[in-house]
file coords-v7.cif (mmCIF, C-alpha atoms)
data_start
#
loop_
_atom_site.label_atom_id
_atom_site.label_comp_id
_atom_site.auth_asym_id
_atom_site.auth_seq_id
_atom_site.Cartn_x
_atom_site.Cartn_y
_atom_site.Cartn_z
CA MET T 20 -33.13 44.59 7.59
CA PRO T 21 -29.98 42.49 8.14
CA GLN T 22 -30.32 39.24 10.02
CA PRO T 23 -29.13 39.55 13.65
CA PHE T 24 -26.10 37.65 14.90
CA ASP T 25 -26.71 34.23 16.41
CA SER T 26 -24.18 34.04 19.25
CA GLY T 27 -24.26 30.23 19.36
CA ASN T 28 -23.65 29.82 15.63
CA ALA T 29 -20.99 32.53 15.69
CA ALA T 30 -19.13 30.89 18.56
CA TRP T 31 -19.24 27.46 16.98
CA LEU T 32 -18.01 28.77 13.61
CA ILE T 33 -14.95 30.27 15.33
CA MET T 34 -14.29 26.90 16.95
CA ALA T 35 -14.86 25.04 13.68
CA ALA T 36 -12.46 27.38 11.84
CA ALA T 37 -9.75 26.73 14.44
CA MET T 38 -10.33 22.97 14.16
CA VAL T 39 -9.99 23.02 10.38
CA LEU T 40 -6.84 25.13 10.59
CA LEU T 41 -5.41 22.41 12.85
CA MET T 42 -5.80 19.98 9.95
CA ALA T 43 -2.86 21.61 8.13
CA PRO T 44 -0.25 20.59 10.73
CA GLY T 45 -2.13 17.31 11.10
CA LEU T 46 -1.70 16.64 7.39
CA ALA T 47 1.97 17.65 7.60
CA PHE T 48 2.57 15.05 10.32
CA PHE T 49 0.44 12.43 8.55
CA TYR T 50 2.38 12.84 5.31
CA GLY T 51 5.67 13.37 7.14
CA GLY T 52 5.42 10.01 8.88
CA MET T 53 4.68 8.21 5.61
CA VAL T 54 7.70 9.39 3.62
CA LYS T 55 11.35 8.41 3.92
CA THR T 56 13.40 9.85 6.78
CA GLY T 57 15.35 12.28 4.59
CA GLN T 58 12.13 13.73 3.15
CA VAL T 59 10.34 14.59 6.40
CA ILE T 60 11.45 18.22 6.65
CA ALA T 61 10.66 18.86 3.00
CA MET T 62 7.17 17.42 3.50
CA LEU T 63 6.57 19.60 6.55
CA LYS T 64 7.75 22.69 4.66
CA MET T 65 5.46 21.95 1.73
CA CYS T 66 2.40 21.74 3.99
CA PHE T 67 3.24 24.68 6.24
CA GLY T 68 4.18 26.76 3.22
CA CYS T 69 0.56 26.44 2.11
CA VAL T 70 -0.58 27.99 5.40
CA VAL T 71 1.42 31.14 4.68
CA LEU T 72 0.80 31.48 0.95
CA VAL T 73 -2.89 30.65 0.90
CA SER T 74 -3.61 32.99 3.83
CA ILE T 75 -2.04 35.92 1.97
CA ILE T 76 -3.78 35.09 -1.30
CA TRP T 77 -7.12 34.65 0.45
CA PHE T 78 -6.79 38.02 2.19
CA ALA T 79 -5.81 39.85 -0.99
CA LEU T 80 -8.06 38.32 -3.66
CA GLY T 81 -9.29 34.87 -2.71
CA TYR T 82 -12.21 35.82 -0.50
CA THR T 83 -13.66 38.44 -2.80
CA LEU T 84 -13.39 36.21 -5.89
CA ALA T 85 -14.93 33.27 -4.06
CA PHE T 86 -17.68 35.01 -2.09
CA GLY T 87 -18.00 38.47 -3.55
CA HIS T 88 -21.13 39.39 -5.49
CA ASP T 89 -21.23 37.27 -8.64
CA ALA T 90 -19.61 38.93 -11.63
CA GLY T 91 -21.79 38.70 -14.71
CA GLY T 92 -24.55 36.66 -13.12
CA LEU T 93 -23.23 33.38 -14.51
CA GLY T 94 -22.16 31.87 -11.20
CA VAL T 95 -18.55 31.54 -12.39
CA ILE T 96 -16.54 34.01 -10.28
CA GLY T 97 -17.10 36.65 -7.63
CA GLY T 98 -16.48 40.35 -8.01
CA LEU T 99 -13.75 42.62 -6.66
CA ASP T 100 -15.87 44.39 -4.06
CA HIS T 101 -13.88 42.93 -1.11
CA VAL T 102 -10.27 43.18 -2.32
CA PHE T 103 -7.98 43.04 0.72
CA MET T 104 -11.14 42.36 2.75
CA SER T 105 -12.37 45.90 2.15
CA GLY T 106 -15.88 46.52 3.40
CA VAL T 107 -15.67 43.68 5.93
CA GLY T 108 -15.86 44.99 9.50
CA LEU T 109 -17.14 44.24 12.97
CA THR T 110 -20.78 44.43 11.94
CA SER T 111 -20.45 42.56 8.64
CA ARG T 112 -22.36 39.31 8.62
CA THR T 113 -22.83 36.27 6.43
CA GLY T 114 -26.16 34.75 7.36
CA ASP T 115 -26.27 35.05 11.13
CA THR T 116 -22.49 34.82 11.71
CA PRO T 117 -19.66 37.41 11.41
CA THR T 118 -18.23 37.61 7.92
CA VAL T 119 -14.66 37.69 9.21
CA THR T 120 -15.16 34.30 10.89
CA PHE T 121 -16.88 32.91 7.81
CA SER T 122 -13.92 34.07 5.72
CA VAL T 123 -11.34 32.40 7.99
CA PHE T 124 -13.39 29.20 8.02
CA HIS T 125 -13.30 28.95 4.24
CA MET T 126 -9.68 30.09 4.09
CA SER T 127 -8.83 27.01 6.16
CA PHE T 128 -10.59 24.86 3.53
CA ALA T 129 -8.35 26.37 0.85
CA ILE T 130 -5.19 25.73 2.88
CA VAL T 131 -6.00 22.07 3.46
CA THR T 132 -6.99 21.49 -0.17
CA VAL T 133 -3.73 22.79 -1.59
CA ALA T 134 -1.68 20.95 1.05
CA LEU T 135 -3.40 17.67 0.11
CA ILE T 136 -1.97 17.84 -3.40
CA SER T 137 1.59 17.85 -2.07
CA GLY T 138 1.31 14.15 -1.24
CA SER T 139 1.14 13.24 -4.94
CA VAL T 140 4.67 14.55 -5.59
CA ALA T 141 6.20 13.94 -2.17
CA GLY T 142 9.94 13.30 -2.34
CA ARG T 143 10.56 14.67 -5.81
CA ALA T 144 9.11 18.20 -5.96
CA LYS T 145 11.41 21.21 -5.88
CA MET T 146 10.43 23.56 -3.04
CA LYS T 147 10.54 26.69 -5.20
CA GLY T 148 8.42 25.04 -7.87
CA TRP T 149 5.94 23.76 -5.32
CA LEU T 150 5.43 27.19 -3.74
CA VAL T 151 4.86 28.82 -7.14
CA PHE T 152 2.46 26.04 -8.11
CA ALA T 153 0.53 26.27 -4.81
CA SER T 154 0.07 30.03 -5.23
CA ALA T 155 -1.13 29.77 -8.82
CA TRP T 156 -3.39 26.79 -8.11
CA THR T 157 -5.07 28.54 -5.20
CA LEU T 158 -5.96 31.61 -7.22
CA LEU T 159 -6.73 30.05 -10.60
CA VAL T 160 -8.32 26.73 -9.60
CA TYR T 161 -9.51 26.60 -6.00
CA VAL T 162 -11.00 30.09 -5.77
CA PRO T 163 -13.29 29.71 -8.83
CA MET T 164 -14.43 26.27 -7.67
CA ALA T 165 -15.17 27.62 -4.19
CA HIS T 166 -17.44 30.22 -5.81
CA TRP T 167 -19.20 27.54 -7.84
CA VAL T 168 -19.89 25.29 -4.86
CA PHE T 169 -19.96 27.37 -1.67
CA ALA T 170 -21.27 30.77 -2.79
CA PRO T 171 -25.09 31.00 -2.85
CA ASP T 172 -24.97 32.39 -6.41
CA GLY T 173 -22.39 29.89 -7.71
CA TRP T 174 -23.50 27.75 -10.65
CA VAL T 175 -23.14 24.38 -8.86
CA ALA T 176 -25.08 25.64 -5.83
CA GLU T 177 -27.74 27.66 -7.64
CA GLN T 178 -28.08 26.76 -11.32
CA LEU T 179 -27.19 23.07 -11.08
CA GLY T 180 -28.49 22.42 -7.57
CA ALA T 181 -26.06 19.63 -6.63
CA VAL T 182 -25.55 18.69 -2.96
CA ASP T 183 -22.05 19.34 -1.65
CA PHE T 184 -22.18 21.04 1.69
CA SER T 185 -18.61 20.52 2.96
CA GLY T 186 -16.50 20.17 -0.17
CA GLY T 187 -16.70 16.68 -1.61
CA THR T 188 -15.93 18.21 -5.01
CA VAL T 189 -14.01 21.43 -4.40
CA VAL T 190 -11.78 19.92 -1.68
CA GLU T 191 -11.62 16.15 -2.08
CA LEU T 192 -12.31 15.39 -5.75
CA ALA T 193 -10.44 18.48 -6.92
CA SER T 194 -7.31 17.66 -4.90
CA GLY T 195 -7.41 14.08 -6.20
CA ALA T 196 -7.72 15.21 -9.83
CA ALA T 197 -4.99 17.78 -9.29
CA GLY T 198 -2.76 15.17 -7.67
CA LEU T 199 -3.20 12.93 -10.70
CA ALA T 200 -2.29 15.69 -13.14
CA LEU T 201 0.70 16.90 -11.11
CA ALA T 202 2.04 13.37 -10.69
CA VAL T 203 1.90 12.92 -14.46
CA VAL T 204 3.69 16.23 -15.09
CA ALA T 205 6.38 15.53 -12.47
CA GLY T 206 7.04 12.04 -13.76
CA ARG T 207 7.84 8.86 -11.90
CA ARG T 208 10.55 8.16 -9.34
CA GLU T 209 13.43 6.00 -10.49
CA ASP T 210 12.50 3.30 -7.97
CA PHE T 211 8.76 3.45 -8.63
CA GLU T 212 7.26 -0.06 -8.63
CA ARG T 213 10.57 -1.48 -7.36
CA GLN T 214 10.75 -0.08 -3.85
CA PRO T 215 7.38 0.86 -2.33
CA ILE T 216 7.56 3.60 0.29
CA ARG T 217 7.51 2.26 3.82
CA PRO T 218 6.48 4.78 6.49
CA HIS T 219 9.53 5.70 8.52
CA ASN T 220 7.51 6.76 11.59
CA LEU T 221 4.08 5.23 12.22
CA PRO T 222 3.57 7.08 15.54
CA LEU T 223 3.92 10.36 13.60
CA VAL T 224 1.32 9.10 11.12
CA VAL T 225 -1.10 8.36 13.98
CA ILE T 226 -0.51 11.77 15.55
CA GLY T 227 -1.32 13.35 12.19
CA LEU T 228 -4.43 11.19 11.87
CA ALA T 229 -5.60 12.25 15.33
CA LEU T 230 -5.30 15.93 14.40
CA LEU T 231 -7.03 15.36 11.07
CA TRP T 232 -9.84 13.41 12.75
CA PHE T 233 -10.37 16.16 15.32
CA GLY T 234 -10.30 18.85 12.64
CA TRP T 235 -12.73 16.97 10.43
CA PHE T 236 -15.48 17.43 12.98
CA GLY T 237 -15.17 21.16 12.39
CA PHE T 238 -14.79 20.60 8.64
CA ASN T 239 -18.07 18.69 8.30
CA THR T 240 -20.14 20.60 10.87
CA GLY T 241 -19.14 24.24 10.36
CA SER T 242 -21.05 24.56 7.09
CA SER T 243 -24.24 23.15 8.64
CA LEU T 244 -25.05 26.20 10.76
CA GLY T 245 -28.56 27.54 10.52
CA VAL T 246 -30.16 24.12 9.95
CA PRO T 247 -31.44 22.68 13.25
CA GLY T 248 -29.67 19.45 14.16
CA ALA T 249 -27.55 19.35 10.99
CA ALA T 250 -24.26 20.10 12.76
CA ALA T 251 -24.93 17.44 15.38
CA MET T 252 -25.86 14.89 12.72
CA ALA T 253 -22.73 15.73 10.73
CA PHE T 254 -20.62 15.23 13.84
CA VAL T 255 -22.06 11.78 14.53
CA ASN T 256 -21.95 10.71 10.89
CA THR T 257 -18.30 11.72 10.57
CA GLN T 258 -17.39 9.47 13.48
CA PHE T 259 -19.43 6.50 12.24
CA ALA T 260 -18.09 6.79 8.70
CA ALA T 261 -14.48 6.91 9.87
CA GLY T 262 -14.87 3.83 12.06
CA ALA T 263 -16.72 1.88 9.39
CA ALA T 264 -14.12 2.79 6.77
CA MET T 265 -11.36 1.47 9.00
CA ALA T 266 -13.20 -1.85 9.07
CA GLY T 267 -13.77 -1.79 5.30
CA TRP T 268 -10.11 -1.10 4.56
CA ALA T 269 -9.08 -3.84 7.01
CA VAL T 270 -11.32 -6.34 5.22
CA THR T 271 -9.71 -5.54 1.88
CA SER T 272 -6.22 -5.64 3.32
CA TRP T 273 -6.83 -8.99 5.00
CA TRP T 274 -8.35 -10.46 1.85
CA ARG T 275 -5.35 -9.40 -0.23
CA THR T 276 -2.41 -9.93 2.15
CA ARG T 277 -3.75 -11.72 5.23
CA GLN T 278 -2.42 -8.81 7.28
CA VAL T 279 -3.90 -5.63 8.70
CA GLY T 280 -1.40 -2.96 9.68
CA LEU T 281 -1.69 0.27 11.61
CA LEU T 282 -1.16 2.25 8.41
CA ASP T 283 -4.06 0.38 6.78
CA ILE T 284 -6.62 1.39 9.37
CA SER T 285 -5.21 4.93 9.55
CA MET T 286 -5.72 5.43 5.82
CA GLY T 287 -9.14 3.80 6.13
CA ALA T 288 -10.25 6.36 8.70
CA VAL T 289 -9.28 9.23 6.39
CA THR T 290 -11.16 7.58 3.54
CA GLY T 291 -14.38 7.40 5.55
CA MET T 292 -14.24 11.07 6.47
CA VAL T 293 -13.52 12.00 2.86
CA ALA T 294 -16.56 10.10 1.60
CA MET T 295 -18.76 11.65 4.29
CA THR T 296 -17.80 15.22 3.37
CA PRO T 297 -20.45 15.96 0.66
CA ALA T 298 -23.55 15.26 2.78
CA ALA T 299 -22.49 14.64 6.37
CA GLY T 300 -25.60 16.28 7.79
CA ASP T 301 -28.03 14.95 5.19
CA VAL T 302 -27.76 11.18 5.59
CA THR T 303 -28.78 8.90 8.45
CA PRO T 304 -26.18 7.35 10.78
CA LEU T 305 -26.94 3.96 9.22
CA TRP T 306 -26.14 5.25 5.75
CA ALA T 307 -23.05 7.02 7.10
CA SER T 308 -21.77 3.66 8.31
CA VAL T 309 -22.57 1.99 4.98
CA ILE T 310 -20.91 4.78 3.00
CA GLY T 311 -17.84 4.67 5.21
CA PHE T 312 -17.48 0.89 4.99
CA LEU T 313 -17.86 0.82 1.21
CA ALA T 314 -15.45 3.74 0.83
CA GLY T 315 -12.80 1.96 2.87
CA LEU T 316 -13.41 -1.24 0.93
CA THR T 317 -13.07 0.37 -2.51
CA CYS T 318 -10.36 2.96 -1.80
CA ALA T 319 -8.07 0.17 -0.58
CA PHE T 320 -8.31 -1.16 -4.14
CA ALA T 321 -8.17 2.28 -5.77
CA ILE T 322 -4.71 3.10 -4.41
CA SER T 323 -3.26 0.19 -6.42
CA TRP T 324 -4.52 1.60 -9.73
CA LYS T 325 -1.45 3.82 -9.95
CA TYR T 326 0.66 0.74 -10.68
CA ARG T 327 -1.71 -0.38 -13.40
CA PHE T 328 -1.61 3.01 -15.13
CA GLY T 329 2.00 3.86 -14.25
CA VAL T 330 1.20 7.11 -12.41
CA ASP T 331 3.49 7.78 -9.45
CA ASP T 332 1.02 9.21 -6.94
CA THR T 333 3.41 8.94 -4.00
CA LEU T 334 1.04 9.10 -1.02
CA ASP T 335 -2.17 7.98 -2.78
CA VAL T 336 -3.94 11.32 -3.02
CA VAL T 337 -5.85 10.12 -6.08
CA GLY T 338 -7.01 6.82 -4.63
CA ILE T 339 -8.11 8.25 -1.28
CA HIS T 340 -9.25 11.82 -1.89
CA GLY T 341 -10.12 11.62 -5.57
CA TRP T 342 -11.99 8.35 -5.50
CA GLY T 343 -13.33 8.93 -1.98
CA GLY T 344 -14.75 12.34 -2.95
CA LEU T 345 -16.31 10.94 -6.12
CA PHE T 346 -17.83 8.01 -4.22
CA GLY T 347 -19.24 10.32 -1.55
CA MET T 348 -20.87 12.58 -4.13
CA VAL T 349 -22.54 9.63 -5.83
CA MET T 350 -23.78 8.24 -2.52
CA ALA T 351 -25.23 11.64 -1.62
CA GLY T 352 -27.28 11.42 -4.80
CA LEU T 353 -28.57 8.06 -3.64
CA ALA T 354 -28.97 8.38 0.15
CA ALA T 355 -29.60 12.08 0.90
CA THR T 356 -32.69 12.42 3.10
CA GLY T 357 -33.35 16.05 2.19
CA ALA T 358 -33.48 17.06 5.86
CA MET T 359 -30.70 19.63 5.47
CA THR T 360 -30.97 20.72 1.84
CA GLY T 361 -34.50 19.69 0.89
CA LYS T 362 -33.08 17.60 -1.96
CA LYS T 363 -33.81 13.88 -1.66
CA GLY T 364 -31.71 11.13 -3.14
CA LEU T 365 -32.92 8.17 -5.18
CA PHE T 366 -33.47 5.92 -2.15
CA TYR T 367 -35.71 8.53 -0.47
CA GLY T 368 -38.07 9.20 -3.34
CA GLY T 369 -36.10 11.89 -5.11
CA GLY T 370 -35.79 9.98 -8.36
CA TRP T 371 -32.75 10.20 -10.59
CA ASP T 372 -32.65 13.99 -10.63
CA LEU T 373 -30.21 14.60 -7.77
CA LEU T 374 -27.92 11.75 -8.80
CA GLY T 375 -27.65 13.23 -12.29
CA LYS T 376 -26.74 16.63 -10.84
CA GLN T 377 -24.11 15.04 -8.62
CA LEU T 378 -22.51 13.33 -11.62
CA VAL T 379 -22.45 16.58 -13.62
CA ALA T 380 -20.72 18.39 -10.73
CA VAL T 381 -18.19 15.57 -10.39
CA LEU T 382 -17.42 15.52 -14.12
CA VAL T 383 -17.04 19.27 -14.58
CA ILE T 384 -15.03 19.96 -11.43
CA GLY T 385 -12.84 16.89 -11.89
CA LEU T 386 -11.98 17.80 -15.49
CA PHE T 387 -11.47 21.48 -14.64
CA SER T 388 -9.09 20.68 -11.80
CA PHE T 389 -7.16 18.11 -13.85
CA ALA T 390 -6.77 20.31 -16.93
CA MET T 391 -5.84 23.48 -15.05
CA THR T 392 -3.38 21.62 -12.84
CA ALA T 393 -1.67 20.06 -15.85
CA LEU T 394 -1.39 23.49 -17.46
CA ILE T 395 -0.04 25.20 -14.33
CA GLY T 396 2.30 22.32 -13.63
CA LYS T 397 3.76 22.46 -17.16
CA VAL T 398 4.31 26.22 -16.95
CA VAL T 399 5.98 25.93 -13.54
CA ASP T 400 8.15 23.06 -14.75
CA ARG T 401 9.29 25.02 -17.82
CA THR T 402 10.07 28.18 -15.80
CA VAL T 403 11.24 27.72 -12.21
CA GLY T 404 11.26 23.92 -12.35
CA LEU T 405 8.87 21.54 -10.63
CA ARG T 406 11.06 18.51 -10.02
CA GLN T 407 14.35 17.99 -8.23
CA SER T 408 17.41 17.28 -10.36
CA HIS T 409 17.76 13.89 -8.68
CA ALA T 410 14.72 11.97 -9.85
CA ALA T 411 14.47 9.45 -7.04
CA GLU T 412 13.77 11.77 -4.11
CA GLU T 413 14.32 15.18 -2.61
CA HIS T 414 17.38 15.02 -0.39
CA GLU T 415 16.99 17.26 2.65
CA GLN T 416 20.68 18.05 3.19
CA VAL T 417 20.14 20.46 6.07
CA TYR T 418 18.19 17.84 7.98
CA GLN T 419 20.93 15.25 7.53
CA ASN T 420 23.71 17.68 8.45
CA ASP T 421 21.90 18.72 11.62
CA TRP T 422 21.77 15.13 12.77
CA ASP T 423 25.43 14.56 11.86
CA VAL T 424 26.47 17.56 13.96
CA GLN T 425 24.38 16.44 16.92
CA PHE T 426 25.80 12.91 16.87
CA LYS T 427 29.36 14.28 16.61
CA GLU T 428 28.79 16.55 19.61
CA ILE T 429 27.44 13.64 21.65
CA ALA T 430 30.43 11.45 20.71
CA ASP T 431 32.90 14.23 21.58
CA ALA T 432 31.20 14.75 24.94
CA LEU T 433 31.42 11.04 25.73
CA ARG T 434 35.11 10.93 24.85
CA GLY T 435 35.80 13.97 26.96
CA SER T 436 34.16 12.38 30.01
CA GLY T 437 36.26 9.24 29.71
CA ILE T 438 33.41 7.11 28.43
CA ASP T 439 34.15 5.94 24.92
CA GLU T 440 31.59 4.99 22.29
CA ARG T 441 31.86 1.31 23.25
CA GLY T 442 30.17 1.89 26.58
CA PRO T 443 31.16 2.58 30.21
CA LEU T 444 32.90 -0.81 30.61
CA GLY T 445 35.03 -0.81 27.45
CA ASP T 446 35.65 -3.87 25.30
CA SER T 447 36.93 -6.11 28.11
CA GLY T 448 34.01 -5.52 30.38
CA GLY T 449 36.36 -4.30 33.12
CA ASP T 450 36.44 -0.97 34.84
CA VAL T 451 37.71 2.02 32.91
CA GLU T 452 39.85 4.48 34.75
CA PRO T 453 38.70 8.06 34.54
CA GLY T 454 40.97 10.32 32.62
#
call {"tool": "encode", "arguments": {"input": "coords-v7.cif", "output": "structure tokens"}}
result
Amino acid sequence: MPQPFDSGNAAWLIMAAAMVLLMAPGLAFFYGGMVKTGQVIAMLKMCFGCVVLVSIIWFALGYTLAFGHDAGGLGVIGGLDHVFMSGVGLTSRTGDTPTVTFSVFHMSFAIVTVALISGSVAGRAKMKGWLVFASAWTLLVYVPMAHWVFAPDGWVAEQLGAVDFSGGTVVELASGAAGLALAVVAGRREDFERQPIRPHNLPLVVIGLALLWFGWFGFNTGSSLGVPGAAAMAFVNTQFAAGAAMAGWAVTSWWRTRQVGLLDISMGAVTGMVAMTPAAGDVTPLWASVIGFLAGLTCAFAISWKYRFGVDDTLDVVGIHGWGGLFGMVMAGLAATGAMTGKKGLFYGGGWDLLGKQLVAVLVIGLFSFAMTALIGKVVDRTVGLRQSHAAEEHEQVYQNDWDVQFKEIADALRGSGIDERGPLGDSGGDVEPG
């Protein structure tokens, strides 16, 4: 007999799905504020384009391949029993929640994951190439990994038994590995290492951070339904980890430069939430704070590795999401209490078993994402083109022309009213006759 609906869980999952969907515009603003002025519109289009493309792909094939009945019993990919969401209706349920809500919740994960990768090639990716890449990556890379990690019969969840409840591998680590591969394929900017990007609009960055922070509460709690207290613990741990990571990043920044900027603590907050993603409901608040602080401390160093290895990861997707996701997975193997999953980490008497499983999941998913991204990126680059013809940056001509037109209209209006561009008093500071 099917499990009855739990109205509380169903209502919260709808709310959590909406919160995670809000992370896409939040990421667009966060990235948009960090790039140069002429690249803002392109950055927004890259992120919002993912909302459209991934939604269509998820409806047509993504959901069934990720959460359909396992094909072949190997835990590698789902079947085609729900193509175009066939067989999913008002009474369909996943656990004790409606399947349609469950599907939208995980669709929002896919949207955010693909959008994250855009930061690695910000300012030099061709829009056509990016949209083709995002479509292919969603179907060929994200969807199989989602089946491995999130589906009950996926090989990471069932055969391996690693702990990753909210996507430390399939979302964070995978986007970091993909960002690394795509940055290598796209090549470096002409001014890489000579002119570091300075955020053109810090208030826009903070607005994006606020939306991401709000959405992350849904991100880390939505998957915890059905386990008493797990959602509440994930909520608290997300907050503590973000705050502690801000402090950790600030410590590193002060030690290196004797300055702590608003961008530093903003990136630190994201780092803490990234590291808390794998086991937000399965560690204590004390460990959440420790994990967040150490993540902020180390990721502040990790973002500088791109200069050592010569990889132009524009907005530090690798250092924040790649390293942060890896670090969080390892810490779950050490500090998981077993309250949510029943799997205890090394510090709680679980021995080395869980830590070993975490490392296997990290290695396989990281290599899979990197290799497939490099392959897809090469194919896209050889066909429709991945990179702009001007290597330094993508020039958003429409954006610049719009501003030029607006300024010209304002100047013409001022001249027509008898007030020239020098001000209402003219050069001499005397009165100006109307005319």
call {"tool": "atom_distance", "arguments": {"input": "coords-v7.cif", "atom1": "atom CA of T:Ala229", "atom2": "atom CA of T:Ala35"}}
result
15.9 Å
call {"tool": "resolve_selection", "arguments": {"input": "coords-v7.cif", "expression": "the PyMOL selection byres ((chain T and resi 231) around 12)", "output": "number ranges by chain"}}
result
T: 38-50, 131, 135, 224-230, 232-239, 257, 261, 285-286, 288-290, 292-293
call {"tool": "residues_around", "arguments": {"input": "coords-v7.cif", "residues": "stretch 81-84 of chain T", "least_positions_apart": "2", "cutoff": "6 Å", "atoms": "all atoms listed in the file", "output": "list of chain:residue names"}}
result
T:Ile76, T:Trp77, T:Phe86, T:Gly87, T:Ile96, T:Gly97, T:Gly98, T:Leu99, T:His101, T:Val102, T:Val162
call {"tool": "resolve_selection", "arguments": {"input": "coords-v7.cif", "expression": "the PyMOL selection byres ((chain T and resi 357-374) around 9)", "output": "PDB file with C-alpha atoms, in the coordinates of the input"}}
result
ATOM      1  CA  GLY T 180     -28.490  22.420  -7.570  1.00  0.00           C
ATOM      2  CA  ALA T 181     -26.060  19.630  -6.630  1.00  0.00           C
ATOM      3  CA  VAL T 182     -25.550  18.690  -2.960  1.00  0.00           C
ATOM      4  CA  PHE T 184     -22.180  21.040   1.690  1.00  0.00           C
ATOM      5  CA  SER T 243     -24.240  23.150   8.640  1.00  0.00           C
ATOM      6  CA  VAL T 246     -30.160  24.120   9.950  1.00  0.00           C
ATOM      7  CA  PRO T 247     -31.440  22.680  13.250  1.00  0.00           C
ATOM      8  CA  GLY T 248     -29.670  19.450  14.160  1.00  0.00           C
ATOM      9  CA  ALA T 249     -27.550  19.350  10.990  1.00  0.00           C
ATOM     10  CA  ALA T 298     -23.550  15.260   2.780  1.00  0.00           C
ATOM     11  CA  GLY T 300     -25.600  16.280   7.790  1.00  0.00           C
ATOM     12  CA  ASP T 301     -28.030  14.950   5.190  1.00  0.00           C
ATOM     13  CA  VAL T 302     -27.760  11.180   5.590  1.00  0.00           C
ATOM     14  CA  MET T 348     -20.870  12.580  -4.130  1.00  0.00           C
ATOM     15  CA  VAL T 349     -22.540   9.630  -5.830  1.00  0.00           C
ATOM     16  CA  MET T 350     -23.780   8.240  -2.520  1.00  0.00           C
ATOM     17  CA  ALA T 351     -25.230  11.640  -1.620  1.00  0.00           C
ATOM     18  CA  GLY T 352     -27.280  11.420  -4.800  1.00  0.00           C
ATOM     19  CA  LEU T 353     -28.570   8.060  -3.640  1.00  0.00           C
ATOM     20  CA  ALA T 354     -28.970   8.380   0.150  1.00  0.00           C
ATOM     21  CA  ALA T 355     -29.600  12.080   0.900  1.00  0.00           C
ATOM     22  CA  THR T 356     -32.690  12.420   3.100  1.00  0.00           C
ATOM     23  CA  GLY T 375     -27.650  13.230 -12.290  1.00  0.00           C
ATOM     24  CA  LYS T 376     -26.740  16.630 -10.840  1.00  0.00           C
ATOM     25  CA  GLN T 377     -24.110  15.040  -8.620  1.00  0.00           C
ATOM     26  CA  LEU T 378     -22.510  13.330 -11.620  1.00  0.00           C
ATOM     27  CA  VAL T 379     -22.450  16.580 -13.620  1.00  0.00           C
TER      28      VAL T 379
END
call {"tool": "atom_distance", "arguments": {"input": "coords-v7.cif", "atom1": "atom CA of T:Leu158", "atom2": "atom CA of T:Leu80"}}
result
7.9 Å
call {"tool": "resolve_selection", "arguments": {"input": "coords-v7.cif", "expression": "the PyMOL selection byres ((chain T and resi 29) around 10)", "output": "count of residues only"}}
result
19
call {"tool": "residues_near_point", "arguments": {"input": "coords-v7.cif", "point": "(-17.7, 3.2, 13.6)", "cutoff": "10 Å", "atoms": "all atoms listed in the file", "output": "list in words"}}
result
Val255, Asn256, Thr257, Gln258, Phe259, Ala260, Ala261, Gly262, Ala263, Ala264, Met265, Ala266, Ala288, Gly291, Pro304, Ala307, Ser308, Val309, Gly311 and Phe312 of chain T
call {"tool": "closest_atom_pairs", "arguments": {"input": "coords-v7.cif", "of": "stretch 339-411 of chain T", "to": "stretch 143-150 of chain T", "cutoff": "6 Å", "atoms": "all atoms listed in the file", "output": "JSON lines"}}
result
{"residue": "T:Val403", "atom": "CA", "partner": "T:Gly148", "partner_atom": "CA", "distance": 5.8}
{"residue": "T:Gly404", "atom": "CA", "partner": "T:Gly148", "partner_atom": "CA", "distance": 5.4}
{"residue": "T:Leu405", "atom": "CA", "partner": "T:Gly148", "partner_atom": "CA", "distance": 4.5}
{"residue": "T:Arg406", "atom": "CA", "partner": "T:Ala144", "partner_atom": "CA", "distance": 4.5}
{"residue": "T:Gln407", "atom": "CA", "partner": "T:Lys145", "partner_atom": "CA", "distance": 5.0}
call {"tool": "write_last_selection", "arguments": {"input": "coords-v7.cif", "atoms": "C-alpha atoms", "output": "CSV table (one decimal), in the coordinates of the input"}}
result
chain,number,residue,atom,x,y,z
T,403,VAL,CA,11.2,27.7,-12.2
T,404,GLY,CA,11.3,23.9,-12.4
T,405,LEU,CA,8.9,21.5,-10.6
T,406,ARG,CA,11.1,18.5,-10.0
T,407,GLN,CA,14.4,18.0,-8.2
call {"tool": "residues_around", "arguments": {"input": "coords-v7.cif", "residues": "T:Val270", "least_positions_apart": "5", "cutoff": "12 Å", "atoms": "only C-alpha atoms", "output": "PyMOL selection string"}}
result
chain T and resi 263-265+275-280+283-284+287+312-320
call {"tool": "residues_around", "arguments": {"input": "coords-v7.cif", "residues": "T:Pro218", "least_positions_apart": "4", "cutoff": "9 Å", "atoms": "all atoms listed in the file", "output": "PyMOL selection string"}}
result
chain T and resi 51-56+224+282
call {"tool": "residues_around", "arguments": {"input": "coords-v7.cif", "residues": "T:Val70", "least_positions_apart": "3", "cutoff": "10 Å", "atoms": "only C-alpha atoms", "output": "PyMOL selection string"}}
result
chain T and resi 40+43-44+64-67+73-75+126-127+129-131+133-134
call {"tool": "closest_residue", "arguments": {"input": "coords-v7.cif", "among": "T:Gln58, T:Asp172, T:Cys69, T:Val123", "to": "T:Gly91", "atoms": "only C-alpha atoms"}}
result
T:Asp172
call {"tool": "atom_distance", "arguments": {"input": "coords-v7.cif", "atom1": "atom CA of T:Ser272", "atom2": "atom CA of T:Ile310"}}
result
18.0 Å
call {"tool": "closest_residue", "arguments": {"input": "coords-v7.cif", "among": "T:Leu179, T:Ala299, T:Val204, T:Gly344", "to": "T:Lys397", "atoms": "all atoms listed in the file"}}
result
T:Val204
